[in-house]
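Report on the following structure.
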Amino acid sequence: MDYFDKALKLQAATPHNYLSTYDLIVVANFYFRLHNIKKARTIFLKAAKMAEQTGDEGGIVDVYIGLAHCADVEHDYSRAMVYYNKAIQVAQKANNYNSLCATENEISWDYFVMKDYDKAWLHSKRATSYVKADSSILAYALSTLGSIYREAPNSVMEKAGLKPGQQYEKSLALLSEGLNYGEAHRDFDLVNESWRELSLTYEKMNRYADAFKAYKTYITQRDSTDSLKNEKAILLKEAQLNYSHKEDSLKYNQNITNAQLKQKKQQSYFFIGGIAALLVLSLFIALNYNNQRKSNKLLAAANDQVTNANHELSEQREEITAQRDQLEHTLANLKTAQQQLIQTEKMASLGELTAGIAHEIQNPLNFVNNFSEVSIELLDELKEEARAGHHEDVIAIATDLTQNLEKINHHGKRADGIVKGMLEHSRPSTGQKEPTDLNKLADEYLRLAYHGLRAKDKSFNAELITHFEQSLPRVNIIPQNIGRVLLNLFNNAFYATQQKRKIANEDYKPTVEITTLLSVDNIVIHVKDNGIGIPDTIKDKILQPFFTTKPAGEGTGLGLSLSYDIVVKGHGGNIAINSTITEGAEFIVQIPYFVT
């Protein structure tokens, strides 16, 4: 490599190109295998410049792939993708199917490592579509596709037209195809990679005996390959040492001859040199004195400049420190304000919930009061009839009293159930998921949101429509948090219909509809209203923190943002929005379920 560095320097000193793009790529790959990534990247960049000057499209593709490999080793996948895409652009123009297949396969493997299996599958399918590519490159692409099918999520299975469990058989078939090619063509790297990936696929299928056998074969093959590589390296090193020994011997003999010739010349010029040395020494002493004086002056000036620079640096350091402290203080204030806004949103939700509870519990209490008053009057009549000896009337009144007491007991239990249910939903969240009846939870919060709004606006009325899936399983959720999500969606729906009622004609009837459905692996909740709708221009913003369409003082802009975090980050679900302006909006909540 030292000789190559010397060659690079000579190349830089002459306008002629004695080194080809291929030469540079070979040496860059050698440095890459030695894990000297910085040196490899430098030589790849020189190769790229040379390839562009000479119009070497194949060389340009190889250089871009090499630069992408350097980025992969440093886990800088975004930069690697830039180089891979450049390689694809050049290869497409040149119809270079080998480079297209290899590059798409490298991109697929990067996405596989990043666990973005949808993109990994897409690029792997592209790689395997280049049937005109060399069979060895296709074999690697098929092996990569086999690894992707092993880890494939449902989204990839649907695109591939596979049913649950079929992806493992597909993975085995593709990996086995790559293994067969590697063994037939003695491609040990492909053989080792195929055995390793087969072991992981067998493990996914719970075929542990096959997984162990495949892994054992992988270890044996890998050690055998490494041993062969080590033997080659030892032989190469021995040859290099023998060559160096001979080279040193020749240099030693040459040095002895040169020393003898030099000694004779020195004896001839020694006397003349002595006289010249005396003259030079005298001149040197005179010049040194003058130079010393100039050096002292320059040193003093330099010291003054260093002192001034240190002073300026000290002032700049103090200024930077002050700015940093100010920024930290500002950040602390922003965090405090954020927490206060979040607390404000929670308190606003609590206020609406409390109003709904009060209105909901008022109905059974009214029944209890009314039947109690009627029962007191009946007791007075009972006493009069008893004194008069009207036995049949006494029995009739007693029967009425019994019915009244049963109704008082019924509505008392209803009020008790409401209180217990609200205490259950309003208690502090433990963060633990528990099996929950979503139909019941949604129905309770729909009624509470409606009565909460009517407590503030007595004139407001709306039609509540429920379509609950009766076979809906209990789902593992944090009920307090999902309850807060439903309350936010219902409040927004009622608010939208209330606003539309102000501008609509007399035939308009506010309607809020909730539907629960069971899909393949999700429980889906639809909350739909016929209110003012959401403009398309703000659909993408409506779930962002602090964004609100309500007038100042009526909303914090955190309700839907907190709801999004609860559903997506807390439960692994999703929230989607469908809306038509002036006709209404529909929020679709998807929550993964686990049947209990």
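Going through the structure tokens in order, the chains are called A, B, and so on, while each chain numbers its residues from 1 and the ligands are numbered from 1 in the order shown.
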Using only C-alpha atoms, which residues sit within 12 Å of Lys39 in chain A once same-chain residues fewer than 4 positions away are excluded, as an MDAnalysis selection string? chainID A and resid 1 5 24:25 27:35 43:46 67 70
Close residues, Ala396 in chain A itself excluded, 12 Å, only C-alpha atoms, min 2 positions apart in chain, as a VMD selection string: chain A and resid 378 to 379 381 to 382 385 to 386 390 to 394 398 to 403
Which residues in range 464-542 of chain A does DSSP call strand (DSSP E)? List them as a ChimeraX atom specification. /A:464-467,475-477,511-518,522-529
Save out the residues we just selected, C-alpha atoms, as a compact mmCIF listing (two decimals), in the first residue's frame.
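The new file selection-v6.txt reads:
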```txt
# COMPACT_ATOMS: atom_id res chain seq x y z
CA LEU A 464 -77.52 10.02 19.77
CA ILE A 465 -77.14 6.98 17.52
CA THR A 466 -75.18 3.91 18.63
CA HIS A 467 -74.19 0.87 16.54
CA VAL A 475 -59.72 -5.43 24.97
CA ASN A 476 -56.57 -4.78 27.03
CA ILE A 477 -56.43 -0.99 27.41
CA THR A 511 -76.73 14.08 15.27
CA VAL A 512 -73.76 12.28 16.82
CA GLU A 513 -73.22 8.66 15.86
CA ILE A 514 -70.84 6.08 17.33
CA THR A 515 -70.08 2.71 15.76
CA THR A 516 -67.83 -0.09 17.03
CA LEU A 517 -66.55 -2.79 14.65
CA LEU A 518 -64.25 -5.78 14.84
CA ASN A 522 -58.19 -4.22 15.50
CA ILE A 523 -61.23 -2.85 17.25
CA VAL A 524 -62.44 0.16 15.24
CA ILE A 525 -64.42 3.04 16.76
CA HIS A 526 -66.18 5.52 14.43
CA VAL A 527 -67.31 8.85 15.95
CA LYS A 528 -69.34 10.75 13.35
CA ASP A 529 -71.25 14.03 13.45
```
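Distance-wise, CA of Ser471 in chain A and CA of Ala415 in chain A end up 28.0 Å apart.
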Skip Asn95 in chain A itself and residues of its chain fewer than 3 positions away, then list as a list in words all residues within 12 Å of it, counting only C-alpha atoms.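 Skipping anything fewer than 3 positions along the chain leaves Glu57, Gly58, Val61, Ala87, Ile88, Gln89, Val90, Ala91, Gln92, Asn98, Ser99, Leu100, Cys101, Tyr130, Lys132 and Ala133 of chain A.
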Closest of A:Leu175, A:Ile60, A:Ala209, A:Ile361 to Leu190 in chain A - atom-to-atom distances counting only C-alpha atoms: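 Smallest separation from Leu190 in chain A among the options: A:Leu175.
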From the options A:Tyr181, A:Tyr117, A:Tyr22, A:Tyr593, which residue's atoms come nearest to Glu151 in chain A, counting only C-alpha atoms?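 Answer, going by the shortest atom-to-atom distance: A:Tyr117.
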Just give me the gap between CA of Pro592 in chain A and CA of Pro473 in chain A in Å, one decimal is fine.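 Spanning CA of Pro592 in chain A to CA of Pro473 in chain A is a straight-line distance of 11.4 Å.
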Test item: residues at most 12 Å from Tyr77 in chain A, only C-alpha atoms, excluding those fewer than 5 positions along its chain, as number ranges by chain: A: 67-72, 82-84, 106-114
